Every structure is written in structure tokens, then in C-alpha cells.
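Accompanying notes for the structure given below.
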Amino acid sequence: MELIDVKLWGGRFNKGTDQLVHDFNASLAFDKRLYSYDIMGSKVHAEMLARQGIISEKEAQEITDGLEKIEKAIKEGKLQFNNSFEDIHSFIEKHLTDLIGPTGGKLHTARSRNDQVALDIRLYLRDKIKEIKKLLLLFMKTITELSEEYIDVFLPGYTHLQRAQVITLSHHLMAYYFMLKRDFSRLSDNLKRVNVLPLGSGALAGTTFPIDREWVADKLDFDSVCLNSLDGVSDRDFIIEFLSIAATMIMHLSRLSEEIILWSSGEFNFIELDDAYATGSSIMPQKKNPDIAELVRGKTGRIYGHLMQLLTTLKGLPLAYNKDMQEDKEGLFDTIDNLEIILKIYPDMLKTMKVNKEKMKQAASSGFLNATDLADYLAKKGLPFREAHEIVGKAVLYGLKQGIELEEIPLEKWRELFPEKNNIFNKDMYHNLLIKKMLANRRSTGGTSPEETLSIINNEKIWLNRAII
């Protein structure tokens with residue numbers, strides 16, 4: 001049985017850890033991505049220890065210099081991560097001690113790995129939230145640009161995946177803009193709870209050393225410090241909140257992906273994806289598959305799973321830190337990795353896709369999509385809307401039997417079908433059933449008229465330029 005003894009806690013034990021146990025227990029394979037944040041926090045911690053007279057200025061400088069050399073060696077690939085270490089904290093501390101001697105052991109004064117890892121993950125997530133917000137803004141900017149371009153492109157709007165009413169492609173895309181804007185807002189709010197300093201909580205009960213947590217918070221740009229040491233080391237709400245936001249965001253992207261998939265099919269033929277964002281078949285030469293959109297849709301369940309995994313992990317944990325909490329990272333890292341690449345791919349995928357404007361217009365021109373507009377027209381003539389709805393429904397039934405659209409029913413036939421209302425049907429009715437007129441009439445705030453949509457796009461462009469990361 002091979003034993004491992006590169007640990008920060010060996011004094012209590014008579015022998016090293018079993019190799020298999022070490023492999024199961026270790027987290028370096030995934031928490032190594034936190035190395036720069038671990039070093040950042042350690043440098044400020046060492047500086048604070050010196051300011052408070054807990055270690056000397058000379059010792060703090062030796063520690064800081066050593067940490068900077070380690071960081072540089074890692075970045076340059078000269079220092080490789082070694083699986084004999086339990087985690088990123090032990091990896092860095094052992095190399096620091098090897099580099100500068102016993103002084104390196106003073107770095108852990110007034111600190112536990114419990115509050116250390118809580119700090120690292122908050123520093124990491126804070127940066128990642130800001131990066132994701134930047135990507136969201138770029139995506140949203142792309143949507144506003146495309147929406148301006150497609151302001152006069154007509155297509156059916158759907159309910160129950162049945163053609164319902166005529167809308168513009170611009171209006172349709174802007175619906176996703178506002179979904180992403182809500183995601184952006186949620187991330188901004190999440191950041192408030194991420195940006196709280198846990199360092200100084202110790203293992204669970206604070207420390208007997210005269211540390212200055214507020215100074216550390218200021219140096220690391222945290223808004224505040226956590227005010228309960230038990231909560232400081234055991235709180236992972238901020239990760240759950242982020243994963244919940246990520247789950248909502250990927251749900252939005254999955255809905256968009258589903259429409260891309262449908263629209264690129266032969267049954268719709270509304271769009272064609274650029275070759276750079278599609279794949280083929282190994283057996284069917286004619287195929288052009290929307291695999292990227294399908295993968296986004298597929299990864300939604302994966303990201304949902306990460307949220308449920310962490311909720312389930314934490315639900316039975318007593319205070320304070322438990323080893324179970326090591327499971328907070330892999331799902332978080334995977335979620336962030338996937339969101340970042342999706343948000344980088346999607347804007348260019350939309351910008352390069354070809355829009356079949358004629359096919360969209362054809363689809364918008366059949367299927368009685370002007371039925372509601374006709375009911376509105378009759379209601380404006382004085383009929384109760386429910387009665388107008390009944391009349392138009394009967395007219396649709398007549399059109400289906402005759403194989404014609406509402407605007408193709410002659411005026412005389414309208415008066416024949418509804419003799420008791422024949423004075424309400426006039427030639428101006430047909431003008432109100434034209435696509436451009438129907439759209440122009442929908443001028444209510446948030447409606448689909450091109451004029452209203454452009455006004456909203458212009459307002460949102462101002463917001464995008466002022467948005468704070």
C-alpha cells in the first residue's frame with residue numbers, strides 16, 4: 001500500500017494517507033485553476049499580518065516575493081501541478097516553504113483553508129461574473145444590430161407552435177434581448193452577495209490574532225466582510241444563486257436554439273446557418289445539421305444538474321465546513337466554461353446566418369394570421385369583441401372550406417354570410433388586413449409595429465452604452 005504524506009495537517013497522524021484515499025480526497029486536479037486567486041489573497045493576508053505586527057515586514061516581503069515567483073513559474077509552465085498534493089493551497093504553501101524556508105509557514109497564521117478557499121472561490125466567481133456580463137452585453141448589442149437590419153422582415157408569430165399573428169423578425173429577436181437583459185440584471189445583483197470577504201473567519205470561530213479584516217476587504221476590493229465566522233466558511237448561497245441564474249440563462253439560450261433548429265429545417269426553411277456553424281452527416285451527404293444549437297439545448301440539462309447537485313449537497317450539512325463542500329467547484333467551473341463558449345459563439349452564428357425573407361413572408365401571408373386584426377376592426381366598428389370573434393371564427397371556417405384567406409373573401413360574400421351585419425363590412429376592411437398595415441396598427445408600448453420596435457431598440461442602445469460591468 002503506497003502512502004502519501006505531502007499534507008498541511010500531518011502532525012496528528014502516525015502515517016501517510018493511502019494512495020487511493022488521497023486520489024479520492026484530493027481536489028488539486030480541478031481547484032488548480034484558482035492558483036492566481038489563492039496567491040492574490042495570500043499576498044494581501046501577509047501584508048495585513050505585517051501591518052498588524054503579527055509577522056515582520058521583512059517576513060511579509062519574503063513571503064510576497066516567493067508567492068510572485070511561484071505565480072510566474074506556474075504561468076510560464078516551469079512549475080507543474082503535482083498530484084501528490086491535496087489541493088491548491090497545500091501546493092502553493094509547500095513550494096513557498098521550499099523556496100523561502102520556515103518563514104513560508106508563517107503565511108497560514110490567523111487563517112484556515114476553510115476561509116482561504118471561501119475567499120478564492122469568491123474572487124474567482126467575481127471575475128467570471130464580470131466576464132459573462134461583458135459577453136452578454138456583446139450578444140445583446142448584436143441582437144439590437146440585427147433587429148435594426150430585420151425591421152421590415154415579416155414572419156408568423158406562434159402560440160402552441162401554430163401560426164398566430166404577424167410579427168417582425170426584429171420584434172422576435174428583441175424578445176431574446178430582454179431575456180438576456182434580465183440575466184444581466186440578475187448577475188449584477190448576485191455580485192453584491194459574492195463580493196463579501198470571508199477571510200478572517202478562520203476554521204469556523206474567527207481568530208485570536210489582532211487581524212484587520214476591513215483593511216483586507218478594501219485591498220481586495222470587497223464591499224464588506226461577513227459578520228458571522230460560521231456563516232463565513234460555510235456559505236455557498238452565492239454559488240447556488242449564480243448557478244440558478246446560469247440555469248435561467250441557458251434556458252433562454254436553449255429556447256433560442258430550439259427556434260434556430262426549427263427554422264433551419266426543411267419544414268420551415270426560414271434560415272440557413274453558415275457552414276462554419278453547422279456540421280454534416282457521415283452517411284447522408286445532403287445533410288447540414290444545426291449541431292451547435294442542438295448542443296446548447298443539450299447542455300441545458302447538464303447545467304440544471306449542477307444546480308441541483310449543489311442544492312442537494314448542502315441541504316443536510318450541519319455548520320460549519322464539511323468536506324462535502326469540496327463538491328461546490330466542478331459543477332461551477334463546468335457551468336462557467338460552457339456559458340462562456342456559448343456566449344462567444346452565438347453572436348457570430350446569428351450574424352452569419354442567411355435569412356430567407358421571402359419564405360418568412362409567405363408563411364406570414366397564409367393561415368389566417370390576420371383574423372385577430374379583423375376582429376379588432378369589427379370591434380372598432382361597434383361590435384362587442386366577443387361577437388366580432390365569433391363572426392371571424394365562422395369566416396375562417398368558410399375560408400378553410402373554400403381554400404381561401406380572409407382577405408380573399410369578396411365583400412358581397414361577407415354580407416351574404418352575415419346579412420344582419422352587412423352594413424359593418426366595407427372596402428376599408430381589406431386595407432386593414434394587409435401585413436404592413438396590421439403591423440403599423442400595433443403601436444402599443446412593447447407592440448410589434450416597426451416604429452415602436454425601433455424606438456425601443458434606440459432606447460436599449462443607449463442603455464447598452466451606459467451598462468456597468
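Ordering of the C-alpha cells sets the chain letters (A, B, ...), residue numbers begin anew at 1 in every chain, and ligands are numbered from 1 in the order given.
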Residues of stretch 117-286 of chain A in strand (DSSP E or B), written as a ChimeraX atom specification: /A:154-159,162-168,196-197,224-225,271-272,279
Those residues with all heavy atoms, as a short mmCIF file (atom, residue, chain, number, x, y, z; two decimals), in the first residue's frame please?
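Contents of the output file out.cif:
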```cif
data_model
loop_
_atom_site.label_atom_id
_atom_site.label_comp_id
_atom_site.auth_asym_id
_atom_site.auth_seq_id
_atom_site.Cartn_x
_atom_site.Cartn_y
_atom_site.Cartn_z
N PHE A 154 -40.96 40.13 -42.26
CA PHE A 154 -42.19 39.64 -41.64
C PHE A 154 -42.13 38.12 -41.49
O PHE A 154 -41.60 37.42 -42.36
CB PHE A 154 -43.41 40.01 -42.47
CG PHE A 154 -43.38 41.42 -43.00
CD1 PHE A 154 -43.56 41.67 -44.36
CD2 PHE A 154 -43.18 42.49 -42.15
CE1 PHE A 154 -43.52 42.96 -44.86
CE2 PHE A 154 -43.14 43.79 -42.64
CZ PHE A 154 -43.31 44.02 -44.00
N LEU A 155 -42.72 37.63 -40.42
CA LEU A 155 -42.86 36.19 -40.23
C LEU A 155 -44.01 35.92 -39.28
O LEU A 155 -44.48 36.85 -38.60
CB LEU A 155 -41.56 35.58 -39.68
CG LEU A 155 -41.25 35.75 -38.18
CD1 LEU A 155 -40.26 34.69 -37.74
CD2 LEU A 155 -40.72 37.13 -37.87
N PRO A 156 -44.46 34.70 -39.21
CA PRO A 156 -45.53 34.40 -38.26
C PRO A 156 -44.99 34.41 -36.83
O PRO A 156 -43.89 33.94 -36.56
CB PRO A 156 -45.97 32.98 -38.64
CG PRO A 156 -45.37 32.70 -39.98
CD PRO A 156 -44.14 33.54 -40.05
N GLY A 157 -45.79 34.94 -35.92
CA GLY A 157 -45.56 34.69 -34.51
C GLY A 157 -46.38 33.46 -34.14
O GLY A 157 -47.44 33.22 -34.73
N TYR A 158 -45.88 32.67 -33.21
CA TYR A 158 -46.52 31.38 -32.92
C TYR A 158 -47.01 31.31 -31.48
O TYR A 158 -46.40 31.86 -30.56
CB TYR A 158 -45.52 30.25 -33.14
CG TYR A 158 -45.12 30.04 -34.59
CD1 TYR A 158 -44.12 30.83 -35.16
CD2 TYR A 158 -45.73 29.08 -35.38
CE1 TYR A 158 -43.75 30.66 -36.48
CE2 TYR A 158 -45.36 28.90 -36.71
CZ TYR A 158 -44.37 29.70 -37.25
OH TYR A 158 -44.01 29.53 -38.57
N THR A 159 -48.12 30.62 -31.29
CA THR A 159 -48.50 30.11 -29.98
C THR A 159 -48.85 28.64 -30.19
O THR A 159 -49.43 28.27 -31.23
CB THR A 159 -49.73 30.84 -29.39
OG1 THR A 159 -50.85 30.67 -30.26
CG2 THR A 159 -49.45 32.34 -29.23
N GLN A 162 -48.34 26.94 -33.45
CA GLN A 162 -49.27 27.17 -34.55
C GLN A 162 -49.15 28.65 -34.94
O GLN A 162 -49.00 29.51 -34.08
CB GLN A 162 -50.71 26.87 -34.11
CG GLN A 162 -50.91 25.50 -33.50
CD GLN A 162 -50.73 24.38 -34.50
OE1 GLN A 162 -51.22 24.45 -35.63
NE2 GLN A 162 -50.01 23.34 -34.11
N ARG A 163 -49.23 28.92 -36.23
CA ARG A 163 -49.17 30.31 -36.67
C ARG A 163 -50.29 31.11 -36.02
O ARG A 163 -51.44 30.71 -36.03
CB ARG A 163 -49.31 30.38 -38.20
CG ARG A 163 -48.14 29.75 -38.93
CD ARG A 163 -48.33 29.82 -40.43
NE ARG A 163 -47.34 28.98 -41.12
CZ ARG A 163 -47.32 28.78 -42.43
NH1 ARG A 163 -48.24 29.37 -43.21
NH2 ARG A 163 -46.41 28.00 -42.98
N ALA A 164 -49.93 32.27 -35.49
CA ALA A 164 -50.88 33.03 -34.68
C ALA A 164 -51.13 34.44 -35.23
O ALA A 164 -52.25 34.77 -35.63
CB ALA A 164 -50.38 33.11 -33.24
N GLN A 165 -50.08 35.27 -35.23
CA GLN A 165 -50.21 36.64 -35.73
C GLN A 165 -48.91 37.03 -36.41
O GLN A 165 -47.84 36.45 -36.15
CB GLN A 165 -50.50 37.62 -34.59
CG GLN A 165 -51.89 37.46 -33.99
CD GLN A 165 -52.13 38.43 -32.85
OE1 GLN A 165 -51.61 38.27 -31.76
NE2 GLN A 165 -52.93 39.45 -33.12
N VAL A 166 -49.00 38.03 -37.29
CA VAL A 166 -47.81 38.50 -37.99
C VAL A 166 -46.97 39.36 -37.06
O VAL A 166 -47.48 40.24 -36.35
CB VAL A 166 -48.19 39.31 -39.25
CG1 VAL A 166 -46.94 39.80 -39.97
CG2 VAL A 166 -49.04 38.47 -40.19
N ILE A 167 -45.67 39.11 -37.06
CA ILE A 167 -44.72 39.93 -36.31
C ILE A 167 -43.53 40.21 -37.23
O ILE A 167 -43.50 39.76 -38.37
CB ILE A 167 -44.24 39.23 -35.02
CG1 ILE A 167 -43.52 37.91 -35.37
CG2 ILE A 167 -45.40 38.98 -34.07
CD1 ILE A 167 -42.85 37.25 -34.19
N THR A 168 -42.57 40.96 -36.74
CA THR A 168 -41.32 41.16 -37.49
C THR A 168 -40.22 40.31 -36.85
O THR A 168 -40.26 39.99 -35.66
CB THR A 168 -40.87 42.63 -37.48
OG1 THR A 168 -40.59 43.02 -36.13
CG2 THR A 168 -41.95 43.53 -38.09
N VAL A 196 -18.37 39.66 -0.76
CA VAL A 196 -18.29 39.77 0.70
C VAL A 196 -17.08 38.95 1.16
O VAL A 196 -16.93 37.79 0.78
CB VAL A 196 -19.58 39.25 1.36
CG1 VAL A 196 -19.48 39.34 2.88
CG2 VAL A 196 -20.80 40.02 0.85
N LEU A 197 -16.22 39.54 1.98
CA LEU A 197 -14.97 38.89 2.39
C LEU A 197 -15.19 37.86 3.49
O LEU A 197 -15.65 38.21 4.58
CB LEU A 197 -13.98 39.94 2.87
CG LEU A 197 -12.64 39.39 3.36
CD1 LEU A 197 -11.75 39.00 2.18
CD2 LEU A 197 -11.92 40.39 4.25
N SER A 224 -17.77 44.42 1.68
CA SER A 224 -17.99 44.26 3.11
C SER A 224 -17.34 42.96 3.56
O SER A 224 -16.80 42.20 2.75
CB SER A 224 -19.49 44.24 3.43
OG SER A 224 -20.12 43.15 2.75
N VAL A 225 -17.41 42.70 4.87
CA VAL A 225 -16.92 41.43 5.41
C VAL A 225 -18.11 40.65 5.97
O VAL A 225 -19.10 41.25 6.40
CB VAL A 225 -15.87 41.65 6.52
CG1 VAL A 225 -14.70 42.46 6.01
CG2 VAL A 225 -16.49 42.32 7.74
N ILE A 271 -34.25 30.04 -42.28
CA ILE A 271 -32.85 30.47 -42.21
C ILE A 271 -31.94 29.37 -42.72
O ILE A 271 -32.33 28.20 -42.81
CB ILE A 271 -32.43 30.84 -40.76
CG1 ILE A 271 -32.53 29.61 -39.85
CG2 ILE A 271 -33.23 32.00 -40.22
CD1 ILE A 271 -31.89 29.78 -38.49
N GLU A 272 -30.71 29.75 -43.04
CA GLU A 272 -29.65 28.78 -43.30
C GLU A 272 -28.42 29.21 -42.50
O GLU A 272 -27.95 30.34 -42.64
CB GLU A 272 -29.29 28.69 -44.78
CG GLU A 272 -28.21 27.65 -45.05
CD GLU A 272 -27.78 27.58 -46.50
OE1 GLU A 272 -28.39 28.28 -47.34
OE2 GLU A 272 -26.81 26.85 -46.80
N THR A 279 -22.75 21.26 -39.06
CA THR A 279 -21.97 20.05 -39.33
C THR A 279 -22.73 19.19 -40.32
O THR A 279 -23.89 19.46 -40.65
CB THR A 279 -21.71 19.25 -38.05
OG1 THR A 279 -22.97 18.77 -37.55
CG2 THR A 279 -21.02 20.09 -36.99
#
```
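For A:Lys43, the list of residues within 9 Å, based on only C-alpha atoms and with local chain neighbours fewer than 6 positions off taken out, reads Ala60, Ile63, Thr64, Asp65, Leu67, Glu68 and Leu107 of chain A.
Candidate residues A:Lys78, A:Lys130, A:Arg297, A:Lys32 were compared for distance to A:Ile342, and the nearest is A:Arg297, using only C-alpha atoms.
You will find atom CA of A:Leu169 at 7.8 Å from atom CA of A:Asp152.
Residues lying within 12 Å of A:Glu330, counting only C-alpha atoms and ignoring same-chain neighbours fewer than 6 positions away, are Ser27, Leu28, Ala29, Phe30, Asp31, Lys32, Arg33, Leu34, Ile121, Ile239, Leu243, Ile303, Gly305, His306, Leu307, Gln309, Leu310, Ile336 and Asp337 of chain A.
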Keeping only N, CA and C atoms, write the selected residues to a file as an mmCIF file, in the first residue's frame.
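Dumped to again34.cif:
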```cif
data_model
loop_
_atom_site.group_PDB
_atom_site.id
_atom_site.type_symbol
_atom_site.label_atom_id
_atom_site.label_comp_id
_atom_site.auth_asym_id
_atom_site.auth_seq_id
_atom_site.Cartn_x
_atom_site.Cartn_y
_atom_site.Cartn_z
ATOM 1 N N SER A 27 -8.289 17.540 -4.418
ATOM 2 C CA SER A 27 -9.046 18.438 -5.298
ATOM 3 C C SER A 27 -8.155 19.237 -6.239
ATOM 4 N N LEU A 28 -6.845 19.003 -6.177
ATOM 5 C CA LEU A 28 -5.921 19.801 -6.990
ATOM 6 C C LEU A 28 -6.227 19.699 -8.481
ATOM 7 N N ALA A 29 -6.719 18.550 -8.915
ATOM 8 C CA ALA A 29 -6.996 18.347 -10.339
ATOM 9 C C ALA A 29 -7.954 19.395 -10.889
ATOM 10 N N PHE A 30 -8.834 19.919 -10.031
ATOM 11 C CA PHE A 30 -9.770 20.937 -10.527
ATOM 12 C C PHE A 30 -9.597 22.296 -9.840
ATOM 13 N N ASP A 31 -9.170 22.325 -8.573
ATOM 14 C CA ASP A 31 -9.048 23.651 -7.945
ATOM 15 C C ASP A 31 -7.740 24.354 -8.297
ATOM 16 N N LYS A 32 -6.912 23.709 -9.125
ATOM 17 C CA LYS A 32 -5.682 24.364 -9.576
ATOM 18 C C LYS A 32 -5.971 25.639 -10.365
ATOM 19 N N ARG A 33 -7.155 25.737 -10.951
ATOM 20 C CA ARG A 33 -7.481 26.958 -11.694
ATOM 21 C C ARG A 33 -7.624 28.168 -10.765
ATOM 22 N N LEU A 34 -7.646 27.928 -9.470
ATOM 23 C CA LEU A 34 -7.766 29.025 -8.508
ATOM 24 C C LEU A 34 -6.411 29.570 -8.053
ATOM 25 N N ILE A 121 -12.755 31.198 -4.056
ATOM 26 C CA ILE A 121 -13.899 30.947 -4.934
ATOM 27 C C ILE A 121 -14.691 32.234 -5.169
ATOM 28 N N ILE A 239 -22.953 30.767 -4.699
ATOM 29 C CA ILE A 239 -22.738 29.857 -5.832
ATOM 30 C C ILE A 239 -24.076 29.301 -6.310
ATOM 31 N N LEU A 243 -25.573 29.659 -9.995
ATOM 32 C CA LEU A 243 -25.990 28.502 -10.790
ATOM 33 C C LEU A 243 -27.463 28.600 -11.180
ATOM 34 N N ILE A 303 -26.366 21.834 -17.053
ATOM 35 C CA ILE A 303 -26.238 22.981 -16.146
ATOM 36 C C ILE A 303 -27.316 22.955 -15.071
ATOM 37 N N GLY A 305 -28.394 20.290 -13.840
ATOM 38 C CA GLY A 305 -27.903 19.251 -12.943
ATOM 39 C C GLY A 305 -26.900 19.785 -11.936
ATOM 40 N N HIS A 306 -26.040 20.696 -12.371
ATOM 41 C CA HIS A 306 -25.052 21.273 -11.451
ATOM 42 C C HIS A 306 -25.743 22.046 -10.326
ATOM 43 N N LEU A 307 -26.816 22.745 -10.661
ATOM 44 C CA LEU A 307 -27.569 23.470 -9.639
ATOM 45 C C LEU A 307 -28.185 22.500 -8.639
ATOM 46 N N GLN A 309 -27.304 19.461 -8.012
ATOM 47 C CA GLN A 309 -26.247 18.748 -7.281
ATOM 48 C C GLN A 309 -25.810 19.531 -6.047
ATOM 49 N N LEU A 310 -25.576 20.844 -6.214
ATOM 50 C CA LEU A 310 -25.099 21.629 -5.089
ATOM 51 C C LEU A 310 -26.192 21.844 -4.045
ATOM 52 N N ILE A 336 -19.532 27.643 -15.899
ATOM 53 C CA ILE A 336 -18.893 28.859 -16.411
ATOM 54 C C ILE A 336 -18.211 28.592 -17.746
ATOM 55 N N ASP A 337 -17.487 27.484 -17.848
ATOM 56 C CA ASP A 337 -16.803 27.148 -19.106
ATOM 57 C C ASP A 337 -17.790 27.066 -20.260
#
```
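Shortest atom-to-atom contact with A:Thr207 among A:Leu295, A:Ala110, A:Leu400, A:Ala363: A:Ala110, counting only C-alpha atoms.
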Distance criterion (only C-alpha atoms): nearest to A:Leu191 out of A:Gly206, A:Leu262, A:Phe139, A:Arg122: A:Arg122
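Among the candidates A:Lys381, A:Leu434, A:Ile462, A:Lys421, the one nearest to A:Glu405 when counting only C-alpha atoms is A:Leu434.
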Which of stretch 186-291 of chain A fall in alpha helix (DSSP H), as number ranges by chain: A: 186-194, 213-219, 229-234, 237-263, 291
Selection near A:Ile424, 10 Å with only C-alpha atoms, sequence-local residues under 6 positions removed, as a ChimeraX atom specification: /A:377-378,381-383,414-415,418
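A straight line drawn from atom CA of A:Thr445 to atom CA of A:Val153 is 20.0 Å long.
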Nearest residue to A:Lys315 from the set A:Ile240, A:Ala388, A:Leu273, A:Leu220 (distances using only C-alpha atoms): A:Ile240
Non-local contacts of stretch 89-100 of chain A (12 Å; only C-alpha atoms; under 5 positions in same chain excluded) as number ranges by chain: A: 5-10, 26-29, 31-43, 58-71, 73-74, 79-84, 105-108, 111-120
Show which residues sit within 10 Å of A:Met349, as a short mmCIF file (atom, residue, chain, number, x, y, z; two decimals) with all heavy atoms, in the first residue's frame. Count only C-alpha atoms, and ignore same-chain residues fewer than 2 positions away.
```cif
data_model
loop_
_atom_site.label_atom_id
_atom_site.label_comp_id
_atom_site.auth_asym_id
_atom_site.auth_seq_id
_atom_site.Cartn_x
_atom_site.Cartn_y
_atom_site.Cartn_z
N LEU A 273 -27.93 28.31 -41.69
CA LEU A 273 -26.75 28.61 -40.89
C LEU A 273 -25.51 28.61 -41.78
O LEU A 273 -25.42 27.84 -42.74
CB LEU A 273 -26.57 27.58 -39.77
CG LEU A 273 -27.64 27.60 -38.67
CD1 LEU A 273 -27.46 26.41 -37.74
CD2 LEU A 273 -27.57 28.91 -37.88
N ASP A 274 -24.56 29.47 -41.45
CA ASP A 274 -23.28 29.47 -42.15
C ASP A 274 -22.58 28.13 -41.94
O ASP A 274 -22.73 27.49 -40.89
CB ASP A 274 -22.42 30.62 -41.61
CG ASP A 274 -21.14 30.80 -42.42
OD1 ASP A 274 -21.20 31.50 -43.42
OD2 ASP A 274 -20.11 30.23 -42.01
N ASP A 275 -21.81 27.71 -42.94
CA ASP A 275 -21.11 26.42 -42.86
C ASP A 275 -20.22 26.33 -41.62
O ASP A 275 -20.00 25.23 -41.09
CB ASP A 275 -20.25 26.19 -44.10
CG ASP A 275 -21.09 25.85 -45.33
OD1 ASP A 275 -22.33 25.71 -45.19
OD2 ASP A 275 -20.51 25.72 -46.43
N ALA A 276 -19.71 27.47 -41.16
CA ALA A 276 -18.81 27.47 -40.01
C ALA A 276 -19.54 27.12 -38.71
O ALA A 276 -18.90 26.80 -37.70
CB ALA A 276 -18.14 28.83 -39.86
N TYR A 277 -20.87 27.16 -38.73
CA TYR A 277 -21.66 26.91 -37.53
C TYR A 277 -22.63 25.75 -37.71
O TYR A 277 -23.68 25.70 -37.08
CB TYR A 277 -22.40 28.19 -37.12
CG TYR A 277 -21.45 29.29 -36.78
CD1 TYR A 277 -21.04 30.21 -37.75
CD2 TYR A 277 -20.90 29.41 -35.51
CE1 TYR A 277 -20.13 31.21 -37.45
CE2 TYR A 277 -19.99 30.41 -35.20
CZ TYR A 277 -19.61 31.31 -36.18
OH TYR A 277 -18.70 32.30 -35.88
N ALA A 278 -22.28 24.83 -38.60
CA ALA A 278 -23.11 23.64 -38.84
C ALA A 278 -22.18 22.46 -39.08
O ALA A 278 -20.98 22.62 -39.27
CB ALA A 278 -24.03 23.87 -40.04
N ILE A 292 -24.57 22.96 -33.34
CA ILE A 292 -24.19 23.91 -32.28
C ILE A 292 -25.41 24.29 -31.45
O ILE A 292 -25.38 24.26 -30.22
CB ILE A 292 -23.52 25.17 -32.87
CG1 ILE A 292 -22.35 24.76 -33.78
CG2 ILE A 292 -23.04 26.08 -31.75
CD1 ILE A 292 -21.35 23.80 -33.19
N ALA A 293 -26.49 24.61 -32.13
CA ALA A 293 -27.73 24.94 -31.43
C ALA A 293 -28.24 23.73 -30.65
O ALA A 293 -28.75 23.86 -29.53
CB ALA A 293 -28.79 25.42 -32.42
N LYS A 344 -19.75 33.26 -26.58
CA LYS A 344 -18.79 33.71 -27.59
C LYS A 344 -19.20 33.25 -29.00
O LYS A 344 -19.00 33.96 -29.98
CB LYS A 344 -17.40 33.18 -27.26
CG LYS A 344 -16.74 33.85 -26.07
CD LYS A 344 -15.43 33.18 -25.69
CE LYS A 344 -14.82 33.81 -24.45
NZ LYS A 344 -13.59 33.09 -24.01
N ILE A 345 -19.79 32.08 -29.10
CA ILE A 345 -20.17 31.51 -30.40
C ILE A 345 -21.43 32.15 -30.96
O ILE A 345 -21.51 32.48 -32.15
CB ILE A 345 -20.36 29.98 -30.29
CG1 ILE A 345 -19.02 29.27 -30.12
CG2 ILE A 345 -21.10 29.43 -31.50
CD1 ILE A 345 -19.15 27.78 -29.81
N TYR A 346 -22.43 32.34 -30.10
CA TYR A 346 -23.77 32.67 -30.58
C TYR A 346 -23.88 33.96 -31.39
O TYR A 346 -24.56 33.99 -32.43
CB TYR A 346 -24.78 32.67 -29.43
CG TYR A 346 -25.94 31.75 -29.71
CD1 TYR A 346 -26.14 30.57 -29.01
CD2 TYR A 346 -26.86 32.06 -30.72
CE1 TYR A 346 -27.19 29.73 -29.29
CE2 TYR A 346 -27.92 31.22 -31.01
CZ TYR A 346 -28.08 30.06 -30.30
OH TYR A 346 -29.13 29.22 -30.60
N PRO A 347 -23.26 35.06 -30.95
CA PRO A 347 -23.42 36.29 -31.75
C PRO A 347 -22.99 36.14 -33.20
O PRO A 347 -23.72 36.56 -34.11
CB PRO A 347 -22.53 37.30 -31.00
CG PRO A 347 -22.52 36.82 -29.59
CD PRO A 347 -22.51 35.32 -29.69
N LYS A 351 -25.11 36.43 -36.69
CA LYS A 351 -24.72 37.44 -37.69
C LYS A 351 -24.48 36.82 -39.06
O LYS A 351 -24.68 37.48 -40.08
CB LYS A 351 -23.48 38.20 -37.22
CG LYS A 351 -23.77 39.24 -36.15
CD LYS A 351 -22.59 40.17 -35.92
CE LYS A 351 -21.50 39.54 -35.13
NZ LYS A 351 -20.44 40.52 -34.72
N THR A 352 -24.00 35.59 -39.09
CA THR A 352 -23.64 34.96 -40.37
C THR A 352 -24.76 34.13 -40.98
O THR A 352 -24.62 33.66 -42.11
CB THR A 352 -22.40 34.06 -40.19
OG1 THR A 352 -22.66 33.08 -39.18
CG2 THR A 352 -21.17 34.89 -39.79
N MET A 353 -25.84 33.90 -40.27
CA MET A 353 -26.91 33.08 -40.84
C MET A 353 -27.66 33.85 -41.93
O MET A 353 -27.81 35.07 -41.86
CB MET A 353 -27.89 32.62 -39.75
CG MET A 353 -28.82 33.68 -39.23
SD MET A 353 -29.93 33.05 -37.95
CE MET A 353 -30.92 34.52 -37.62
#
```
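Excluding A:Asn432 itself and any same-chain residue fewer than 4 positions from it, the protein and nucleic acid residues within 8 Å of it, counting only C-alpha atoms, are A:Asp373, A:Leu374, A:Tyr377, A:Asp428, A:Lys437, A:Met438.
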For the selection just defined, write its residues with N, CA and C atoms to a file, as a compact mmCIF listing (two decimals), in the first residue's frame.
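Contents of the output file result.txt:
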```txt
# COMPACT_ATOMS: atom_id res chain seq x y z
N ASP A 373 -56.77 40.77 -36.24
CA ASP A 373 -56.84 42.15 -36.73
C ASP A 373 -58.22 42.45 -37.29
N LEU A 374 -58.84 41.45 -37.93
CA LEU A 374 -60.19 41.64 -38.44
C LEU A 374 -61.18 41.76 -37.29
N TYR A 377 -60.92 45.16 -35.98
CA TYR A 377 -61.56 46.09 -36.91
C TYR A 377 -63.06 46.14 -36.65
N ASP A 428 -62.71 49.35 -46.76
CA ASP A 428 -61.53 49.68 -45.97
C ASP A 428 -61.07 48.52 -45.09
N LYS A 437 -49.98 47.12 -42.76
CA LYS A 437 -50.98 47.89 -42.01
C LYS A 437 -51.22 47.23 -40.65
N MET A 438 -51.29 45.90 -40.64
CA MET A 438 -51.51 45.20 -39.37
C MET A 438 -50.39 45.50 -38.40
```
Using only C-alpha atoms: which of A:Leu136, A:Leu319, A:Ile211, A:Ile261 has the shortest distance to A:Gly53: A:Ile211
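Atom pair atom CA of A:Ser244 / atom CA of A:Ala217: separated by 26.5 Å.
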